[in-house]
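Student: Structure file coords-v4.pdb (PDB, C-alpha atoms) right here:
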```pdb
ATOM      1  CA  MET A   1     112.205 100.617 101.425
ATOM      2  CA  PRO A   2     111.300  98.761 104.647
ATOM      3  CA  LEU A   3     107.882  97.135 105.039
ATOM      4  CA  ARG A   4     105.578  98.364 107.786
ATOM      5  CA  THR A   5     103.212  95.773 109.284
ATOM      6  CA  HIS A   6     100.041  96.129 111.349
ATOM      7  CA  THR A   7      97.448  93.775 112.804
ATOM      8  CA  GLN A   8      94.924  96.584 113.249
ATOM      9  CA  LEU A   9      93.965  99.523 111.090
ATOM     10  CA  PRO A  10      96.046 102.572 112.016
ATOM     11  CA  VAL A  11      93.832 105.282 113.480
ATOM     12  CA  GLY A  12      92.463 107.583 110.793
ATOM     13  CA  LEU A  13      93.797 105.496 107.901
ATOM     14  CA  LEU A  14      90.450 104.978 106.195
ATOM     15  CA  ASN A  15      89.876 108.725 106.044
ATOM     16  CA  CYS A  16      93.052 109.223 103.998
ATOM     17  CA  GLU A  17      93.056 109.900 100.293
ATOM     18  CA  ALA A  18      95.720 108.007  98.363
ATOM     19  CA  THR A  19      97.858 111.154  98.273
ATOM     20  CA  GLU A  20      97.847 111.270 102.102
ATOM     21  CA  LEU A  21      98.853 107.670 102.784
ATOM     22  CA  HIS A  22     102.608 108.189 102.713
ATOM     23  CA  ASP A  23     102.476 110.823 105.429
ATOM     24  CA  HIS A  24     100.190 108.556 107.472
ATOM     25  CA  LEU A  25     102.024 105.250 106.968
ATOM     26  CA  GLY A  26     105.565 106.185 105.998
ATOM     27  CA  GLY A  27     105.868 103.691 103.137
ATOM     28  CA  PRO A  28     104.703 100.289 101.859
ATOM     29  CA  THR A  29     102.488  98.657 104.461
ATOM     30  CA  LEU A  30     100.984  95.225 105.107
ATOM     31  CA  ILE A  31      97.848  95.140 107.280
ATOM     32  CA  GLN A  32      96.527  91.765 108.479
ATOM     33  CA  LEU A  33      92.997  91.935 109.907
ATOM     34  CA  GLN A  34      91.042  89.142 111.542
ATOM     35  CA  GLY A  35      87.507  88.248 110.507
ATOM     36  CA  ASP A  36      84.997  85.481 111.141
ATOM     37  CA  ALA A  37      86.483  82.924 108.739
ATOM     38  CA  GLN A  38      89.767  81.794 107.280
ATOM     39  CA  PRO A  39      91.718  81.644 105.040
ATOM     40  CA  ALA A  40      92.316  85.308 104.357
ATOM     41  CA  LEU A  41      91.708  87.271 101.190
ATOM     42  CA  PHE A  42      94.890  89.023  99.994
ATOM     43  CA  VAL A  43      94.260  92.426  98.404
ATOM     44  CA  SER A  44      96.896  94.775  97.005
ATOM     45  CA  VAL A  45      96.399  98.413  96.073
ATOM     46  CA  LEU A  46      98.616 101.193  94.744
ATOM     47  CA  LEU A  47     101.377  99.096  93.232
ATOM     48  CA  HIS A  48     101.175 102.022  90.818
ATOM     49  CA  GLY A  49     100.812 105.233  92.764
ATOM     50  CA  ASN A  50      98.470 107.005  90.376
ATOM     51  CA  GLU A  51      95.971 104.111  90.212
ATOM     52  CA  THR A  52      93.799 105.001  93.167
ATOM     53  CA  SER A  53      90.403 103.361  92.609
ATOM     54  CA  GLY A  54      91.504 100.174  94.349
ATOM     55  CA  TRP A  55      92.288 102.047  97.551
ATOM     56  CA  ASP A  56      89.063 104.051  97.330
ATOM     57  CA  GLY A  57      86.928 100.919  96.949
ATOM     58  CA  VAL A  58      88.731  98.925  99.638
ATOM     59  CA  ARG A  59      88.683 101.673 102.229
ATOM     60  CA  ARG A  60      84.965 102.187 101.646
ATOM     61  CA  TYR A  61      84.404  98.479 102.204
ATOM     62  CA  LEU A  62      86.399  98.534 105.443
ATOM     63  CA  LEU A  63      84.628 101.681 106.628
ATOM     64  CA  GLU A  64      81.192 100.151 106.064
ATOM     65  CA  THR A  65      81.885  96.612 107.274
ATOM     66  CA  ARG A  66      81.870  96.416 111.054
ATOM     67  CA  ASP A  67      82.337  92.639 111.278
ATOM     68  CA  LEU A  68      84.601  91.218 108.583
ATOM     69  CA  PRO A  69      83.233  87.916 107.237
ATOM     70  CA  ARG A  70      86.792  86.576 106.836
ATOM     71  CA  ASP A  71      90.395  87.574 107.424
ATOM     72  CA  ILE A  72      91.866  90.082 105.003
ATOM     73  CA  THR A  73      95.495  90.931 104.313
ATOM     74  CA  LEU A  74      95.874  94.335 102.664
ATOM     75  CA  PHE A  75      99.096  95.415 100.989
ATOM     76  CA  ILE A  76      99.365  99.151 100.307
ATOM     77  CA  GLY A  77     102.182  99.619  97.817
ATOM     78  CA  ASN A  78     103.833 102.735  96.457
ATOM     79  CA  THR A  79     102.616 105.384  98.869
ATOM     80  CA  GLU A  80     105.433 107.760  97.944
ATOM     81  CA  ALA A  81     104.446 107.767  94.270
ATOM     82  CA  ALA A  82     100.778 108.077  95.292
ATOM     83  CA  ARG A  83     101.627 111.270  97.173
ATOM     84  CA  ALA A  84     103.058 112.667  93.933
ATOM     85  CA  GLY A  85     100.234 111.299  91.756
ATOM     86  CA  MET A  86     102.706 109.255  89.709
ATOM     87  CA  ARG A  87     102.882 105.629  88.627
ATOM     88  CA  ALA A  88     106.371 105.443  90.150
ATOM     89  CA  LEU A  89     108.970 108.045  91.021
ATOM     90  CA  PRO A  90     111.928 108.318  88.605
ATOM     91  CA  THR A  91     114.213 106.731  91.210
ATOM     92  CA  GLN A  92     111.879 103.797  91.876
ATOM     93  CA  PRO A  93     111.259 100.440  90.222
ATOM     94  CA  ASP A  94     107.800  99.535  88.947
ATOM     95  CA  PHE A  95     106.205  97.911  92.012
ATOM     96  CA  ASN A  96     104.540  95.322  89.766
ATOM     97  CA  ARG A  97     107.879  94.182  88.330
ATOM     98  CA  ILE A  98     109.781  93.364  91.518
ATOM     99  CA  TRP A  99     108.385  89.996  92.523
ATOM    100  CA  ARG A 100     110.985  87.812  90.810
ATOM    101  CA  ASN A 101     114.663  88.377  90.062
ATOM    102  CA  ALA A 102     114.644  92.018  91.163
ATOM    103  CA  ASP A 103     117.482  93.839  92.850
ATOM    104  CA  GLY A 104     117.977  96.768  95.182
ATOM    105  CA  ALA A 105     115.146  98.250  97.244
ATOM    106  CA  GLY A 106     112.464  96.608  95.113
ATOM    107  CA  ALA A 107     113.860  93.158  95.789
ATOM    108  CA  ALA A 108     114.102  93.902  99.510
ATOM    109  CA  LEU A 109     110.452  94.945  99.618
ATOM    110  CA  ALA A 110     109.275  91.888  97.678
ATOM    111  CA  THR A 111     111.288  89.626  99.961
ATOM    112  CA  ALA A 112     109.835  91.281 103.065
ATOM    113  CA  VAL A 113     106.247  90.924 101.849
ATOM    114  CA  GLN A 114     106.714  87.280 100.917
ATOM    115  CA  ALA A 115     108.365  86.526 104.255
ATOM    116  CA  ALA A 116     105.510  88.190 106.149
ATOM    117  CA  ILE A 117     102.863  86.042 104.421
ATOM    118  CA  ALA A 118     104.902  82.857 103.997
ATOM    119  CA  GLU A 119     102.957  80.816 106.560
ATOM    120  CA  GLN A 120      99.544  82.320 105.838
ATOM    121  CA  PRO A 121      96.983  80.437 103.710
ATOM    122  CA  PHE A 122      94.836  82.506 101.346
ATOM    123  CA  LEU A 123      91.446  82.083  99.739
ATOM    124  CA  ALA A 124      92.576  84.233  96.797
ATOM    125  CA  SER A 125      94.756  87.183  95.812
ATOM    126  CA  ILE A 126      93.419  90.314  94.117
ATOM    127  CA  ASP A 127      95.709  93.005  92.704
ATOM    128  CA  LEU A 128      93.786  96.199  91.892
ATOM    129  CA  HIS A 129      94.767  98.536  89.053
ATOM    130  CA  ASN A 130      93.347 101.344  86.947
ATOM    131  CA  ASN A 131      93.823 101.511  83.199
ATOM    132  CA  THR A 132      93.560 104.240  80.597
ATOM    133  CA  GLY A 133      91.231 104.941  77.732
ATOM    134  CA  HIS A 134      88.006 103.313  76.638
ATOM    135  CA  ASN A 135      88.570  99.863  78.052
ATOM    136  CA  PRO A 136      85.954  97.546  79.525
ATOM    137  CA  TYR A 137      86.432  96.037  82.941
ATOM    138  CA  TYR A 138      88.725  93.046  82.560
ATOM    139  CA  SER A 139      91.033  90.694  84.433
ATOM    140  CA  VAL A 140      94.641  89.796  83.802
ATOM    141  CA  VAL A 141      95.475  86.170  84.567
ATOM    142  CA  THR A 142      98.824  84.414  84.577
ATOM    143  CA  ASP A 143      97.376  80.938  85.122
ATOM    144  CA  LEU A 144      94.510  79.179  83.308
ATOM    145  CA  GLU A 145      93.694  76.869  86.234
ATOM    146  CA  PRO A 146      89.856  76.629  86.621
ATOM    147  CA  HIS A 147      89.672  78.325  90.042
ATOM    148  CA  ASN A 148      91.921  81.100  88.765
ATOM    149  CA  LEU A 149      89.538  81.666  85.882
ATOM    150  CA  GLY A 150      86.626  81.476  88.300
ATOM    151  CA  LEU A 151      88.081  84.337  90.335
ATOM    152  CA  ALA A 152      88.451  86.355  87.132
ATOM    153  CA  TYR A 153      84.931  85.507  85.935
ATOM    154  CA  LEU A 154      83.463  86.886  89.159
ATOM    155  CA  PHE A 155      84.711  90.277  87.935
ATOM    156  CA  SER A 156      84.179  90.212  84.156
ATOM    157  CA  ASP A 157      83.730  87.910  81.197
ATOM    158  CA  LYS A 158      86.718  89.614  79.554
ATOM    159  CA  ALA A 159      90.256  88.589  80.437
ATOM    160  CA  VAL A 160      93.798  88.663  79.115
ATOM    161  CA  TYR A 161      96.166  85.745  79.629
ATOM    162  CA  VAL A 162      99.704  87.044  80.130
ATOM    163  CA  GLU A 163     102.861  84.957  80.253
ATOM    164  CA  GLU A 164     105.387  87.822  80.278
ATOM    165  CA  PRO A 165     106.558  89.629  82.272
ATOM    166  CA  ASP A 166     106.844  86.931  84.917
ATOM    167  CA  THR A 167     107.766  89.425  87.628
ATOM    168  CA  VAL A 168     104.222  90.579  88.491
ATOM    169  CA  LEU A 169     102.645  90.127  91.919
ATOM    170  CA  THR A 170     100.144  87.460  90.829
ATOM    171  CA  ARG A 171     103.060  85.125  90.027
ATOM    172  CA  ILE A 172     104.029  84.623  93.653
ATOM    173  CA  PHE A 173     100.656  82.978  94.317
ATOM    174  CA  THR A 174     100.943  80.377  91.541
ATOM    175  CA  GLY A 175     100.115  76.993  93.014
ATOM    176  CA  ARG A 176      99.133  78.617  96.306
ATOM    177  CA  CYS A 177      95.749  80.227  95.645
ATOM    178  CA  PRO A 178      93.807  81.769  92.753
ATOM    179  CA  ALA A 179      95.240  85.176  91.827
ATOM    180  CA  VAL A 180      94.170  87.891  89.400
ATOM    181  CA  ALA A 181      94.991  91.474  88.566
ATOM    182  CA  LEU A 182      91.897  93.555  87.898
ATOM    183  CA  GLU A 183      91.787  96.507  85.520
ATOM    184  CA  VAL A 184      88.917  98.509  86.949
ATOM    185  CA  GLY A 185      88.750 101.434  84.511
ATOM    186  CA  PRO A 186      90.125 104.986  84.414
ATOM    187  CA  VAL A 187      91.224 106.959  87.459
ATOM    188  CA  GLY A 188      88.677 109.524  88.564
ATOM    189  CA  ASP A 189      85.584 107.605  87.512
ATOM    190  CA  PRO A 190      83.652 106.909  90.753
ATOM    191  CA  ARG A 191      82.131 103.799  89.164
ATOM    192  CA  CYS A 192      85.580 102.180  89.322
ATOM    193  CA  ALA A 193      85.719 102.415  93.102
ATOM    194  CA  ASP A 194      82.137 101.113  93.243
ATOM    195  CA  ARG A 195      83.166  98.132  91.155
ATOM    196  CA  VAL A 196      86.086  97.432  93.497
ATOM    197  CA  TYR A 197      83.812  97.671  96.538
ATOM    198  CA  ASP A 198      81.299  95.227  95.072
ATOM    199  CA  TYR A 199      83.961  92.730  94.020
ATOM    200  CA  VAL A 200      85.831  92.754  97.326
ATOM    201  CA  LYS A 201      82.527  92.350  99.189
ATOM    202  CA  ARG A 202      81.574  89.343  97.064
ATOM    203  CA  CYS A 203      84.974  87.708  97.526
ATOM    204  CA  MET A 204      84.963  88.251 101.281
ATOM    205  CA  GLU A 205      81.632  86.420 101.464
ATOM    206  CA  LEU A 206      82.693  83.419  99.346
ATOM    207  CA  GLU A 207      82.931  80.020 100.976
ATOM    208  CA  ALA A 208      85.180  78.886  98.125
ATOM    209  CA  VAL A 209      86.377  80.272  94.795
ATOM    210  CA  PRO A 210      84.248  78.854  91.965
ATOM    211  CA  GLU A 211      85.634  77.294  88.812
ATOM    212  CA  ALA A 212      85.293  78.642  85.271
ATOM    213  CA  ALA A 213      86.388  77.473  81.831
ATOM    214  CA  PRO A 214      88.094  79.453  79.045
ATOM    215  CA  ASP A 215      85.032  79.180  76.796
ATOM    216  CA  GLN A 216      83.042  81.279  79.289
ATOM    217  CA  PHE A 217      85.221  84.318  78.477
ATOM    218  CA  SER A 218      86.241  86.683  75.808
ATOM    219  CA  LEU A 219      89.731  85.443  76.641
ATOM    220  CA  PHE A 220      92.672  87.009  74.854
ATOM    221  CA  ARG A 221      96.319  86.001  74.996
ATOM    222  CA  THR A 222      99.127  88.535  74.886
ATOM    223  CA  ARG A 223     101.474  87.630  72.035
ATOM    224  CA  VAL A 224     103.453  90.817  71.434
ATOM    225  CA  ARG A 225     104.323  93.969  73.353
ATOM    226  CA  VAL A 226     105.468  97.009  71.358
ATOM    227  CA  HIS A 227     107.824  99.546  72.954
ATOM    228  CA  ILE A 228     108.710 102.926  71.451
ATOM    229  CA  GLN A 229     112.298 103.955  72.087
ATOM    230  CA  ASP A 230     112.639 106.784  74.595
ATOM    231  CA  GLU A 231     114.300 109.116  72.115
ATOM    232  CA  VAL A 232     111.513 108.799  69.518
ATOM    233  CA  SER A 233     108.744 111.386  69.772
ATOM    234  CA  PHE A 234     105.310 110.293  68.606
ATOM    235  CA  CYS A 235     101.696 111.376  68.435
ATOM    236  CA  PHE A 236      98.338 109.923  67.507
ATOM    237  CA  GLU A 237      96.579 110.746  64.260
ATOM    238  CA  GLY A 238      94.413 113.807  64.818
ATOM    239  CA  ASP A 239      96.458 115.201  67.717
ATOM    240  CA  ASP A 240      97.309 118.881  67.526
ATOM    241  CA  ALA A 241     101.052 119.066  66.990
ATOM    242  CA  ALA A 242     102.252 122.469  68.226
ATOM    243  CA  GLU A 243     105.783 121.850  66.983
ATOM    244  CA  GLY A 244     104.892 120.179  63.691
ATOM    245  CA  PRO A 245     104.302 116.520  62.896
ATOM    246  CA  ALA A 246     106.079 113.888  64.959
ATOM    247  CA  PRO A 247     108.333 111.370  63.181
ATOM    248  CA  LEU A 248     106.017 108.566  64.333
ATOM    249  CA  VAL A 249     102.251 108.941  63.957
ATOM    250  CA  LEU A 250     100.038 106.192  65.387
ATOM    251  CA  THR A 251      96.498 105.373  64.322
ATOM    252  CA  GLY A 252      94.011 107.559  66.164
ATOM    253  CA  GLY A 253      91.244 106.026  68.254
ATOM    254  CA  VAL A 254      92.830 102.576  68.265
ATOM    255  CA  GLU A 255      91.680 101.997  71.855
ATOM    256  CA  ALA A 256      88.073 101.965  70.617
ATOM    257  CA  VAL A 257      88.668  98.477  69.189
ATOM    258  CA  ASN A 258      90.229  96.990  72.305
ATOM    259  CA  PHE A 259      88.835  93.489  72.905
ATOM    260  CA  HIS A 260      87.468  93.331  69.360
ATOM    261  CA  ILE A 261      88.683  90.836  66.785
ATOM    262  CA  LEU A 262      89.992  92.729  63.746
TER     263      LEU A 262
END
```
How would this structure read if it were set down as structure tokens?
Tutor:
Amino acid sequence: MPLRTHTQLPVGLLNCEATELHDHLGGPTLIQLQGDAQPALFVSVLLHGNETSGWDGVRRYLLETRDLPRDITLFIGNTEAARAGMRALPTQPDFNRIWRNADGAGAALATAVQAAIAEQPFLASIDLHNNTGHNPYYSVVTDLEPHNLGLAYLFSDKAVYVEEPDTVLTRIFTGRCPAVALEVGPVGDPRCADRVYDYVKRCMELEAVPEAAPDQFSLFRTRVRVHIQDEVSFCFEGDDAAEGPAPLVLTGGVEAVNFHIL
């Protein structure tokens, strides 16, 4: 899983849909573009191949912005899974779980990315994701430092503080620059790409990342993650079960109370 690097946009890249990027680039790619100011903004898209709004918003910004107000470093992640419309291929690691203590091809990719940016200062790092269901726009933060929260607050007043897993991309920027992962809504909603475009534009025009405090947010902390064993079939209450009821039935519509105190 070698890393491709460019200092200019490959010809025709911004006209590619996410599903076309692998044929155009050949795999994970780091593109470092010069603008009018430094340090650069680091932006990552497609760590999960089926989460395409980040790419759609970023490529629109690059198409419409003739003179970049600052340097930008763009990491385009799992192009092979994007071609298949999948989060990751069955033979692949999760690209957002390879940034610490990984092995195999995932570790090699993470090492290559970190080596390529080792000497480069950054204004901030933004990792763009889609989510599922009826969720608001929100940030995921792994550090409660005031500038980190300020970067999150520029996107939404809702955020989740996550301590585990510690293998996500934002972790490699701890102590280096503010870093957030943004959950920009469901795939296929054009408003998600619009939201990405607006946020990237605002960040590119910042002179400095502002500070924010926890009391400015609806700030939640992840305490527990629940995993269902692979061999257990399940459904949600109200689902049509063609083969009869599943052994595990989960409360229907639970996503409607996300970010509500129960």
Student: Under the rule that only C-alpha atoms are counted, which of A:Leu63, A:Thr142, A:Leu89, A:Gly106 is the nearest residue to Asp166 (chain A)?
Tutor: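 Using only C-alpha atoms, the shortest distance to Asp166 (chain A) belongs to A:Thr142.
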Student: Using all atoms listed in the file, pick whichever of A:Thr174, A:Ser44, A:Thr132, A:Asn15 has the shortest atom-to-atom distance to Glu145 (chain A).
Tutor: A:Thr174
Student: Hey, can I get the axis-aligned box for region 133-143 of chain A? All listed atoms, 5 Å padding on each side, centre and edge lengths in Å to one decimal, as JSON.
Tutor:
```
{"center_x": 92.4, "center_y": 92.9, "center_z": 80.9, "size_x": 22.9, "size_y": 34.0, "size_z": 18.5}
```
Student: So the first atom is CA of Pro28 (chain A) and the second is CA of Asn78 (chain A); what is the distance between them in Å, to one decimal place?
Tutor: 6.0 Å
Student: What are the closest atom pairs, with distances in Å to one decimal, for each residue of region 16-80 of chain A lying within 10 Å of region 110-115 of chain A, using all atoms listed in the file, rows by chain and rising residue number, as a tab-separated table?
Tutor:
```
residue	atom	partner	partner_atom	distance
A:Pro28	CA	A:Val113	CA	9.5
A:Thr29	CA	A:Val113	CA	9.0
A:Leu30	CA	A:Val113	CA	7.5
A:Phe75	CA	A:Val113	CA	8.5
```
Student: Report as a ChimeraX atom specification the residues that result from applying the PyMOL selection byres ((chain A and resi 212-214) around 8) to the structure here.
Tutor: /A:144,146-150,153,210-211,215-217,219
Student: Counting all atoms listed in the file, find residues at most 6 Å from (95.0, 83.2, 97.6) (file frame) and give them as number ranges by chain.
Tutor: A: 122-125, 177-178
Student: A:Ala108, A:Cys203, A:Ala88, A:Leu62: which is nearest Pro2 (chain A), counting all atoms listed in the file?
Tutor: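 Smallest separation from Pro2 (chain A) among the options: A:Ala108.
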Student: List the neighbours of Val249 (chain A) out to 10 Å using all atoms listed in the file; skip same-chain residues closer than 5 positions along the sequence, and give me the result as a ChimeraX atom specification.
Tutor: /A:233-239
Student: Quick one: region 39-73 of chain A with N, CA and C atoms, as a JSON list (two decimals), keeping the file's coordinate frame?
Tutor:
```json
[["chain", "number", "residue", "atom", "x", "y", "z"],
["A", 39, "PRO", "N", 90.50, 80.83, 105.15],
["A", 39, "PRO", "CA", 91.72, 81.64, 105.04],
["A", 39, "PRO", "C", 91.43, 83.08, 104.60],
["A", 40, "ALA", "N", 92.45, 83.88, 104.65],
["A", 40, "ALA", "CA", 92.32, 85.31, 104.36],
["A", 40, "ALA", "C", 92.22, 85.56, 102.86],
["A", 41, "LEU", "N", 91.65, 86.72, 102.54],
["A", 41, "LEU", "CA", 91.71, 87.27, 101.19],
["A", 41, "LEU", "C", 92.87, 88.25, 101.15],
["A", 42, "PHE", "N", 93.78, 88.09, 100.18],
["A", 42, "PHE", "CA", 94.89, 89.02, 99.99],
["A", 42, "PHE", "C", 94.48, 90.06, 98.96],
["A", 43, "VAL", "N", 94.63, 91.33, 99.31],
["A", 43, "VAL", "CA", 94.26, 92.43, 98.40],
["A", 43, "VAL", "C", 95.43, 93.41, 98.35],
["A", 44, "SER", "N", 95.84, 93.77, 97.15],
["A", 44, "SER", "CA", 96.90, 94.78, 97.00],
["A", 44, "SER", "C", 96.37, 95.98, 96.24],
["A", 45, "VAL", "N", 96.78, 97.15, 96.71],
["A", 45, "VAL", "CA", 96.40, 98.41, 96.07],
["A", 45, "VAL", "C", 97.64, 99.27, 95.90],
["A", 46, "LEU", "N", 97.58, 100.17, 94.94],
["A", 46, "LEU", "CA", 98.62, 101.19, 94.74],
["A", 46, "LEU", "C", 100.00, 100.63, 94.45],
["A", 47, "LEU", "N", 100.07, 99.48, 93.77],
["A", 47, "LEU", "CA", 101.38, 99.10, 93.23],
["A", 47, "LEU", "C", 101.85, 100.18, 92.27],
["A", 48, "HIS", "N", 100.90, 100.82, 91.61],
["A", 48, "HIS", "CA", 101.18, 102.02, 90.82],
["A", 48, "HIS", "C", 100.49, 103.19, 91.52],
["A", 49, "GLY", "N", 101.29, 104.20, 91.87],
["A", 49, "GLY", "CA", 100.81, 105.23, 92.76],
["A", 49, "GLY", "C", 99.68, 106.09, 92.24],
["A", 50, "ASN", "N", 99.53, 106.17, 90.94],
["A", 50, "ASN", "CA", 98.47, 107.00, 90.38],
["A", 50, "ASN", "C", 97.20, 106.21, 90.07],
["A", 51, "GLU", "N", 97.14, 104.95, 90.48],
["A", 51, "GLU", "CA", 95.97, 104.11, 90.21],
["A", 51, "GLU", "C", 95.24, 103.91, 91.53],
["A", 52, "THR", "N", 94.31, 104.83, 91.80],
["A", 52, "THR", "CA", 93.80, 105.00, 93.17],
["A", 52, "THR", "C", 92.43, 104.38, 93.43],
["A", 53, "SER", "N", 91.76, 103.88, 92.40],
["A", 53, "SER", "CA", 90.40, 103.36, 92.61],
["A", 53, "SER", "C", 90.38, 102.14, 93.52],
["A", 54, "GLY", "N", 91.43, 101.33, 93.47],
["A", 54, "GLY", "CA", 91.50, 100.17, 94.35],
["A", 54, "GLY", "C", 91.46, 100.58, 95.81],
["A", 55, "TRP", "N", 92.29, 101.56, 96.18],
["A", 55, "TRP", "CA", 92.29, 102.05, 97.55],
["A", 55, "TRP", "C", 90.93, 102.64, 97.92],
["A", 56, "ASP", "N", 90.34, 103.41, 97.02],
["A", 56, "ASP", "CA", 89.06, 104.05, 97.33],
["A", 56, "ASP", "C", 87.97, 103.01, 97.58],
["A", 57, "GLY", "N", 87.94, 101.95, 96.77],
["A", 57, "GLY", "CA", 86.93, 100.92, 96.95],
["A", 57, "GLY", "C", 87.15, 100.09, 98.19],
["A", 58, "VAL", "N", 88.41, 99.75, 98.47],
["A", 58, "VAL", "CA", 88.73, 98.92, 99.64],
["A", 58, "VAL", "C", 88.47, 99.69, 100.93],
["A", 59, "ARG", "N", 88.89, 100.94, 100.97],
["A", 59, "ARG", "CA", 88.68, 101.67, 102.23],
["A", 59, "ARG", "C", 87.20, 101.90, 102.49],
["A", 60, "ARG", "N", 86.41, 102.08, 101.44],
["A", 60, "ARG", "CA", 84.96, 102.19, 101.65],
["A", 60, "ARG", "C", 84.40, 100.89, 102.21],
["A", 61, "TYR", "N", 84.87, 99.76, 101.69],
["A", 61, "TYR", "CA", 84.40, 98.48, 102.20],
["A", 61, "TYR", "C", 84.76, 98.33, 103.69],
["A", 62, "LEU", "N", 85.97, 98.67, 104.05],
["A", 62, "LEU", "CA", 86.40, 98.53, 105.44],
["A", 62, "LEU", "C", 85.69, 99.53, 106.36],
["A", 63, "LEU", "N", 85.38, 100.70, 105.84],
["A", 63, "LEU", "CA", 84.63, 101.68, 106.63],
["A", 63, "LEU", "C", 83.22, 101.19, 106.92],
["A", 64, "GLU", "N", 82.60, 100.52, 105.95],
["A", 64, "GLU", "CA", 81.19, 100.15, 106.06],
["A", 64, "GLU", "C", 80.98, 98.76, 106.64],
["A", 65, "THR", "N", 82.04, 97.99, 106.82],
["A", 65, "THR", "CA", 81.89, 96.61, 107.27],
["A", 65, "THR", "C", 82.41, 96.50, 108.71],
["A", 66, "ARG", "N", 81.49, 96.45, 109.65],
["A", 66, "ARG", "CA", 81.87, 96.42, 111.05],
["A", 66, "ARG", "C", 82.50, 95.07, 111.43],
["A", 67, "ASP", "N", 81.85, 93.98, 110.98],
["A", 67, "ASP", "CA", 82.34, 92.64, 111.28],
["A", 67, "ASP", "C", 82.78, 91.98, 109.98],
["A", 68, "LEU", "N", 84.08, 91.81, 109.81],
["A", 68, "LEU", "CA", 84.60, 91.22, 108.58],
["A", 68, "LEU", "C", 84.19, 89.75, 108.50],
["A", 69, "PRO", "N", 83.64, 89.31, 107.36],
["A", 69, "PRO", "CA", 83.23, 87.92, 107.24],
["A", 69, "PRO", "C", 84.40, 86.93, 107.15],
["A", 70, "ARG", "N", 85.59, 87.42, 106.83],
["A", 70, "ARG", "CA", 86.79, 86.58, 106.84],
["A", 70, "ARG", "C", 88.01, 87.45, 107.04],
["A", 71, "ASP", "N", 89.14, 86.83, 107.31],
["A", 71, "ASP", "CA", 90.40, 87.57, 107.42],
["A", 71, "ASP", "C", 90.72, 88.27, 106.10],
["A", 72, "ILE", "N", 91.39, 89.39, 106.20],
["A", 72, "ILE", "CA", 91.87, 90.08, 105.00],
["A", 72, "ILE", "C", 93.29, 90.59, 105.26],
["A", 73, "THR", "N", 94.14, 90.39, 104.28],
["A", 73, "THR", "CA", 95.50, 90.93, 104.31],
["A", 73, "THR", "C", 95.59, 91.98, 103.21]]
```
